[in-house]
Amino acid sequence: MTSPTDLKYTESHEWIRKDDDDVLVIGITAHAAESLSDLVFLDLPEAGDSVTAGEGFGEIESVKAVSDLKSPVDGEVVAVNDALPDNLGAINSDPYGEGWMIKVRATSSIENLMDSEAYDKSVADA
Amino acid sequence: MHYVQNTDTDRDAMLATIGADSVDELMAVIPPDCRFEGDLDIGPALTEDELYRHLKSLAARNISADDKPSFLGAGAYRHFCPALVDNLVSRTEYWTAYTPYQPEASQGTLTTIYEWQTMMTRLTGSDVSNASLYDGATAVVEAVMMALRTKRKSDTVLVSKGVHPDARGCLQTYMRSLGVTLIEVDLDGGRTDPAALTAAVPEGANVAAIAIQSPNVYGIVEDVKSCCDAIHAADALSVVSADPVSLSVLEAPGNLGADMICGEATGMGNGPWFGGPGVGYLCGRMDHVRQMPARIAGETVDGEGRRAIVLTFQTREQHIRRTKATSNICTSQQLMALRATIWMTLLGKDGFAELGEVNLSRAHYAADAIAALSGYELAFPDQPFFNEFTIRTPIPAADVNRRLKDDHGILGGFDGSRLDPADTHTLILAVTDMNTKSEIDALVSALETIR
């Protein structure tokens, strides 16, 4: 599986895209969505909530387990994909587009996150 | 279970393995002022025959509600339980306290859980029930925790003093550890005042839940609807603890605005036993189902399209992932819930309603007769009640109970001073279908002589 080259990635399978206003868009990778299989529930924060790098910003639940969604950066949530909890299929069908979860105005850097090559390698090696 | 004593040789081998010279050295980490010095005052060792006689003499001091009339309730009520319940739960298919994890091997038990949930949701007027919880007190806590998870930014919980003291005690333990402010709201004339609930909310507090109980600890049927309206006005979720047997004649709390309905179901096919095991229940709305603790059985079809029952909801249990668990309790009271399920099934819809009416009429017969006695009166004469009511006694309630037991062979009620130390002359009496008219008449005659 080849991940989009214009994104950054975490070891916990979140992707990060920098949009025009330097706001970060965050979702989970196609690999993560596939591993979780049938998704049944998504719990996202509210706009205005603060997030901390390495700590959970929400939860995703499949028929198998509940998993944390981890924030790659410190910052403040500025937008939430409110349509997503009622349209969980989008996470599987379009993880990098319609499946976006939150937008964060970051106060920490994303430079040390993985690029697509490193992420794909880490997934292949796992 | 076998008792195998450690020999000196065993002890030496274990100490050698640990690397300690003596048991005393092993205990040296315990500060001296915390350690007991000297010999325990437990008397000389008894032979097997002596021990058996000693234990029998102790057991003979028990007074069972099966042998003497009992008017003690306070959260644990006796109701008739057909012998068929014992017979059916003794079937080996049910010999486990645990929920089965393998649906392919466990359709019988899973089906009974599904039936329990169906009956509890209908009884409480709710969307969803879990498979049961430890007891009524933890059920109240779990309902409140559910509200805290649902209202994420909340920091405060209110509870009416009409809620059973065991449940309030459990709440204090949990809320203290969570750093949540717990406020107890005083009763007004034995009853929860809806306006007082709203008034007790501190300025700027974000309230997750306000918990009430109906019938409350004094037996009074609360105005559940007005309380729930007040709770919702405070932007909180309403937790209503209810004796499910009372719902045979009272309106389902879910139809009156309760968000979470919970309580002790031990009255159904179980008994006060020795104070436990209990069986807690928890019902709620579909909106909050993801935050409901413990497990839920659901109906589906198997690979060949046949109806099957499975655990549809266990991803938030401890055995799946501890950090994501909704509760530190990872079990249900399956055997007790099974008894309750069989009991409800045997009574049937009409039989259950009839049982409730018998409770209601006998309790009111008793209350009327006692209120007519000189020196006695109902503590809350204008308040509605189901099968438990509170009286004022001419002498301290503790003395009334003692004289009932010693002079008349009757087990009295719950001493009100255990709820409020100032209430020395208050007695809470439960009258259920297990109290015959002649037992009630005997109680009234006895009270007439106690003053």
# chains A, B, ... in the order shown; residues from 1 in each chain; ligands from 1

$ residues_around --residues "segment 91-95 of chain A" --least-positions-apart "5" --cutoff "12 Å" --atoms "only C-alpha atoms" --output "MDAnalysis selection string"
chainID A and resid 3:4 13:16 25:42 60 62 81 83:86 100:101

$ select_by_dssp --residues "segment 16-94 of chain A" --states "strand (DSSP E or B)" --output "mmCIF file with N, CA and C atoms, in the first residue's frame"
data_model
loop_
_atom_site.group_PDB
_atom_site.id
_atom_site.type_symbol
_atom_site.label_atom_id
_atom_site.label_comp_id
_atom_site.auth_asym_id
_atom_site.auth_seq_id
_atom_site.Cartn_x
_atom_site.Cartn_y
_atom_site.Cartn_z
ATOM 1 N N ILE A 16 -1.427 13.760 8.618
ATOM 2 C CA ILE A 16 -1.500 15.198 8.892
ATOM 3 C C ILE A 16 -1.257 15.960 7.578
ATOM 4 N N ARG A 17 -2.156 16.883 7.268
ATOM 5 C CA ARG A 17 -1.978 17.716 6.075
ATOM 6 C C ARG A 17 -2.006 19.176 6.499
ATOM 7 N N LYS A 18 -1.063 19.926 5.968
ATOM 8 C CA LYS A 18 -1.039 21.363 6.271
ATOM 9 C C LYS A 18 -1.886 22.060 5.216
ATOM 10 N N LEU A 24 -3.603 22.411 10.528
ATOM 11 C CA LEU A 24 -3.357 21.002 10.245
ATOM 12 C C LEU A 24 -4.664 20.221 10.195
ATOM 13 N N VAL A 25 -4.819 19.422 9.150
ATOM 14 C CA VAL A 25 -5.974 18.541 9.037
ATOM 15 C C VAL A 25 -5.489 17.149 9.442
ATOM 16 N N ILE A 26 -6.289 16.475 10.285
ATOM 17 C CA ILE A 26 -5.848 15.183 10.825
ATOM 18 C C ILE A 26 -6.903 14.107 10.583
ATOM 19 N N GLY A 27 -6.443 12.921 10.183
ATOM 20 C CA GLY A 27 -7.322 11.770 10.012
ATOM 21 C C GLY A 27 -6.547 10.511 10.319
ATOM 22 N N ILE A 28 -7.124 9.343 9.995
ATOM 23 C CA ILE A 28 -6.349 8.116 10.161
ATOM 24 C C ILE A 28 -6.086 7.497 8.794
ATOM 25 N N LEU A 39 -16.186 -0.252 11.390
ATOM 26 C CA LEU A 39 -16.237 0.811 12.394
ATOM 27 C C LEU A 39 -17.669 1.004 12.864
ATOM 28 N N VAL A 40 -17.826 1.188 14.179
ATOM 29 C CA VAL A 40 -19.183 1.338 14.712
ATOM 30 C C VAL A 40 -19.397 2.657 15.446
ATOM 31 N N PHE A 41 -18.304 3.319 15.829
ATOM 32 C CA PHE A 41 -18.492 4.522 16.636
ATOM 33 C C PHE A 41 -17.259 5.400 16.574
ATOM 34 N N LEU A 42 -17.502 6.707 16.503
ATOM 35 C CA LEU A 42 -16.394 7.663 16.483
ATOM 36 C C LEU A 42 -16.719 8.793 17.447
ATOM 37 N N ASP A 43 -15.763 9.075 18.305
ATOM 38 C CA ASP A 43 -15.962 10.127 19.294
ATOM 39 C C ASP A 43 -14.906 11.206 19.051
ATOM 40 N N SER A 50 -8.461 21.874 23.487
ATOM 41 C CA SER A 50 -7.034 21.836 23.201
ATOM 42 C C SER A 50 -6.581 20.382 23.104
ATOM 43 N N VAL A 51 -5.533 20.178 22.307
ATOM 44 C CA VAL A 51 -4.980 18.832 22.144
ATOM 45 C C VAL A 51 -3.496 18.877 22.505
ATOM 46 N N GLY A 56 -4.612 11.425 23.498
ATOM 47 C CA GLY A 56 -5.805 11.151 22.726
ATOM 48 C C GLY A 56 -6.634 12.403 22.462
ATOM 49 N N PHE A 57 -7.158 12.534 21.257
ATOM 50 C CA PHE A 57 -8.131 13.607 20.982
ATOM 51 C C PHE A 57 -9.511 13.024 20.746
ATOM 52 N N GLY A 58 -9.607 11.710 20.674
ATOM 53 C CA GLY A 58 -10.893 11.068 20.451
ATOM 54 C C GLY A 58 -10.731 9.566 20.481
ATOM 55 N N GLU A 59 -11.829 8.896 20.145
ATOM 56 C CA GLU A 59 -11.816 7.435 20.166
ATOM 57 C C GLU A 59 -12.506 6.899 18.931
ATOM 58 N N ILE A 60 -12.000 5.788 18.448
ATOM 59 C CA ILE A 60 -12.667 5.122 17.351
ATOM 60 C C ILE A 60 -12.915 3.685 17.771
ATOM 61 N N GLU A 61 -14.139 3.225 17.509
ATOM 62 C CA GLU A 61 -14.511 1.902 17.982
ATOM 63 C C GLU A 61 -14.937 1.047 16.799
ATOM 64 N N SER A 62 -14.343 -0.126 16.716
ATOM 65 C CA SER A 62 -14.753 -1.082 15.696
ATOM 66 C C SER A 62 -15.472 -2.219 16.402
ATOM 67 N N VAL A 66 -11.870 -0.683 21.036
ATOM 68 C CA VAL A 66 -11.865 0.773 21.086
ATOM 69 C C VAL A 66 -10.415 1.230 21.012
ATOM 70 N N SER A 67 -10.115 2.195 20.142
ATOM 71 C CA SER A 67 -8.745 2.696 20.031
ATOM 72 C C SER A 67 -8.731 4.205 20.217
ATOM 73 N N ASP A 68 -7.609 4.684 20.764
ATOM 74 C CA ASP A 68 -7.414 6.122 20.900
ATOM 75 C C ASP A 68 -7.032 6.736 19.563
ATOM 76 N N LEU A 69 -7.492 7.956 19.346
ATOM 77 C CA LEU A 69 -6.977 8.766 18.239
ATOM 78 C C LEU A 69 -5.977 9.712 18.886
ATOM 79 N N LYS A 70 -4.730 9.677 18.420
ATOM 80 C CA LYS A 70 -3.704 10.457 19.110
ATOM 81 C C LYS A 70 -3.329 11.704 18.332
ATOM 82 N N GLY A 75 -1.966 21.972 20.354
ATOM 83 C CA GLY A 75 -2.700 23.018 19.658
ATOM 84 C C GLY A 75 -4.151 23.072 20.051
ATOM 85 N N GLU A 76 -4.927 23.804 19.227
ATOM 86 C CA GLU A 76 -6.337 23.984 19.526
ATOM 87 C C GLU A 76 -7.162 23.486 18.342
ATOM 88 N N VAL A 77 -8.222 22.761 18.637
ATOM 89 C CA VAL A 77 -9.106 22.269 17.594
ATOM 90 C C VAL A 77 -9.895 23.452 17.034
ATOM 91 N N VAL A 78 -9.817 23.644 15.726
ATOM 92 C CA VAL A 78 -10.556 24.777 15.141
ATOM 93 C C VAL A 78 -11.758 24.305 14.324
ATOM 94 N N ALA A 79 -11.746 23.017 13.919
ATOM 95 C CA ALA A 79 -12.906 22.485 13.191
ATOM 96 C C ALA A 79 -12.974 20.987 13.384
ATOM 97 N N VAL A 80 -14.202 20.477 13.313
ATOM 98 C CA VAL A 80 -14.429 19.049 13.506
ATOM 99 C C VAL A 80 -15.331 18.569 12.374
#

$ closest_residue --among "B:Glu142, B:Glu377, B:Asp407, B:Glu317" --to "chain A" --atoms "only C-alpha atoms"
B:Glu317

$ closest_residue --among "A:Glu11, A:Asp120, A:Asp125, A:Glu46" --to "chain B" --atoms "only C-alpha atoms"
A:Glu46

$ select_by_dssp --residues "segment 300-399 of chain B" --states "helix (DSSP H, G or I)" --output "number ranges by chain"
B: 322-324, 334-371, 397-399

$ write_last_selection --atoms "C-alpha atoms" --output "mmCIF file, in the first residue's frame"
data_model
loop_
_atom_site.group_PDB
_atom_site.id
_atom_site.type_symbol
_atom_site.label_atom_id
_atom_site.label_comp_id
_atom_site.auth_asym_id
_atom_site.auth_seq_id
_atom_site.Cartn_x
_atom_site.Cartn_y
_atom_site.Cartn_z
ATOM 1 C CA ARG B 322 -8.529 -1.907 30.283
ATOM 2 C CA THR B 323 -7.721 1.740 29.654
ATOM 3 C CA LYS B 324 -10.820 2.145 27.511
ATOM 4 C CA GLN B 334 -25.627 -13.526 35.889
ATOM 5 C CA LEU B 335 -27.020 -16.098 38.292
ATOM 6 C CA MET B 336 -29.031 -13.513 40.218
ATOM 7 C CA ALA B 337 -30.241 -11.874 37.010
ATOM 8 C CA LEU B 338 -31.244 -15.305 35.764
ATOM 9 C CA ARG B 339 -33.288 -15.871 38.927
ATOM 10 C CA ALA B 340 -34.964 -12.495 38.375
ATOM 11 C CA THR B 341 -35.682 -13.347 34.750
ATOM 12 C CA ILE B 342 -37.260 -16.698 35.598
ATOM 13 C CA TRP B 343 -39.203 -15.094 38.452
ATOM 14 C CA MET B 344 -40.649 -12.398 36.193
ATOM 15 C CA THR B 345 -41.503 -14.986 33.572
ATOM 16 C CA LEU B 346 -43.311 -17.189 36.094
ATOM 17 C CA LEU B 347 -45.298 -14.279 37.490
ATOM 18 C CA GLY B 348 -46.168 -12.958 34.064
ATOM 19 C CA LYS B 349 -47.399 -9.480 33.294
ATOM 20 C CA ASP B 350 -50.652 -9.839 35.251
ATOM 21 C CA GLY B 351 -49.125 -11.758 38.144
ATOM 22 C CA PHE B 352 -46.441 -9.098 38.534
ATOM 23 C CA ALA B 353 -49.040 -6.322 38.661
ATOM 24 C CA GLU B 354 -51.084 -8.343 41.150
ATOM 25 C CA LEU B 355 -48.002 -8.818 43.352
ATOM 26 C CA GLY B 356 -47.510 -5.063 43.350
ATOM 27 C CA GLU B 357 -51.115 -4.452 44.364
ATOM 28 C CA VAL B 358 -50.798 -6.927 47.240
ATOM 29 C CA ASN B 359 -47.715 -5.033 48.472
ATOM 30 C CA LEU B 360 -49.489 -1.721 48.147
ATOM 31 C CA SER B 361 -52.664 -2.777 49.937
ATOM 32 C CA ARG B 362 -50.960 -4.644 52.791
ATOM 33 C CA ALA B 363 -48.530 -1.796 53.451
ATOM 34 C CA HIS B 364 -51.405 0.692 53.543
ATOM 35 C CA TYR B 365 -53.459 -1.602 55.777
ATOM 36 C CA ALA B 366 -50.514 -1.754 58.198
ATOM 37 C CA ALA B 367 -49.855 1.986 58.034
ATOM 38 C CA ASP B 368 -53.508 2.834 58.751
ATOM 39 C CA ALA B 369 -53.647 0.466 61.720
ATOM 40 C CA ILE B 370 -50.377 1.748 63.225
ATOM 41 C CA ALA B 371 -51.344 5.396 62.709
ATOM 42 C CA ALA B 397 -37.013 3.180 67.656
ATOM 43 C CA ALA B 398 -34.077 1.053 68.819
ATOM 44 C CA ASP B 399 -36.092 0.139 71.930
#

$ atom_distance --atom1 "atom CA of Ser154 of chain B" --atom2 "atom CA of Ser241 of chain B"
21.0 Å

$ residues_around --residues "Leu237 of chain B" --least-positions-apart "5" --cutoff "8 Å" --atoms "only C-alpha atoms" --output "PyMOL selection string"
chain B and resi 147+208-210+231-232+258-260

$ write_last_selection --atoms "C-alpha atoms" --output "short mmCIF file (atom, residue, chain, number, x, y, z; two decimals), in the first residue's frame"
data_model
loop_
_atom_site.label_atom_id
_atom_site.label_comp_id
_atom_site.auth_asym_id
_atom_site.auth_seq_id
_atom_site.Cartn_x
_atom_site.Cartn_y
_atom_site.Cartn_z
CA ALA B 147 -23.47 10.69 32.80
CA ALA B 208 -23.26 15.84 34.92
CA ALA B 209 -26.10 14.20 36.79
CA ILE B 210 -28.57 14.59 39.59
CA ILE B 231 -32.74 18.25 36.57
CA HIS B 232 -32.99 18.90 32.84
CA ALA B 258 -35.38 9.66 33.58
CA ASP B 259 -32.23 9.37 31.46
CA MET B 260 -30.65 6.55 33.45
#

$ residues_around --residues "Gly54 of chain A" --least-positions-apart "5" --cutoff "9 Å" --atoms "only C-alpha atoms" --output "list in words"
Lys70, Ser71, Pro72, Val73 and Asp74 of chain A

$ residues_around --residues "segment 130-133 of chain B" --least-positions-apart "3" --cutoff "9 Å" --atoms "only C-alpha atoms" --output "MDAnalysis selection string"
chainID B and resid 99 113:114 116:117 136 138:139 142 278:284 292:297 329:334 336:337

$ atom_distance --atom1 "atom CA of Asp115 of chain A" --atom2 "atom CA of Asp6 of chain A"
8.1 Å

$ residues_around --residues "segment 72-86 of chain B" --least-positions-apart "5" --cutoff "7 Å" --atoms "only C-alpha atoms" --output "list in words"
Val217, Thr266, Gly267, Gly269, Gly271, Pro272, Arg339, Ile342, Trp343, Leu411, Gly412, Gly413, Phe414, Leu429, Ala430, Thr432, Asp433 and Met434 of chain B

$ residues_around --residues "Asp8 of chain B" --least-positions-apart "4" --cutoff "12 Å" --atoms "only C-alpha atoms" --output "list of chain:residue names"
B:Asp12, B:Ala13, B:Met14, B:Leu15, B:Ser22, B:Val23

$ write_last_selection --atoms "N, CA and C atoms" --output "CSV table (one decimal), in the first residue's frame"
chain,number,residue,atom,x,y,z
B,12,ASP,N,10.2,-22.7,55.6
B,12,ASP,CA,11.6,-22.5,55.5
B,12,ASP,C,12.0,-22.5,54.0
B,13,ALA,N,11.4,-23.4,53.2
B,13,ALA,CA,11.7,-23.4,51.8
B,13,ALA,C,11.3,-22.1,51.1
B,14,MET,N,10.1,-21.6,51.5
B,14,MET,CA,9.7,-20.3,50.8
B,14,MET,C,10.5,-19.2,51.2
B,15,LEU,N,10.9,-19.1,52.5
B,15,LEU,CA,11.8,-18.0,53.0
B,15,LEU,C,13.2,-18.1,52.3
B,22,SER,N,13.6,-15.0,58.2
B,22,SER,CA,12.5,-15.4,59.1
B,22,SER,C,11.3,-14.6,58.6
B,23,VAL,N,10.1,-15.0,59.1
B,23,VAL,CA,8.9,-14.3,58.7
B,23,VAL,C,8.9,-12.9,59.3

$ closest_residue --among "B:Phe389, B:Phe71, B:Tyr376, B:Phe36" --to "Glu448 of chain B" --atoms "only C-alpha atoms"
B:Tyr376
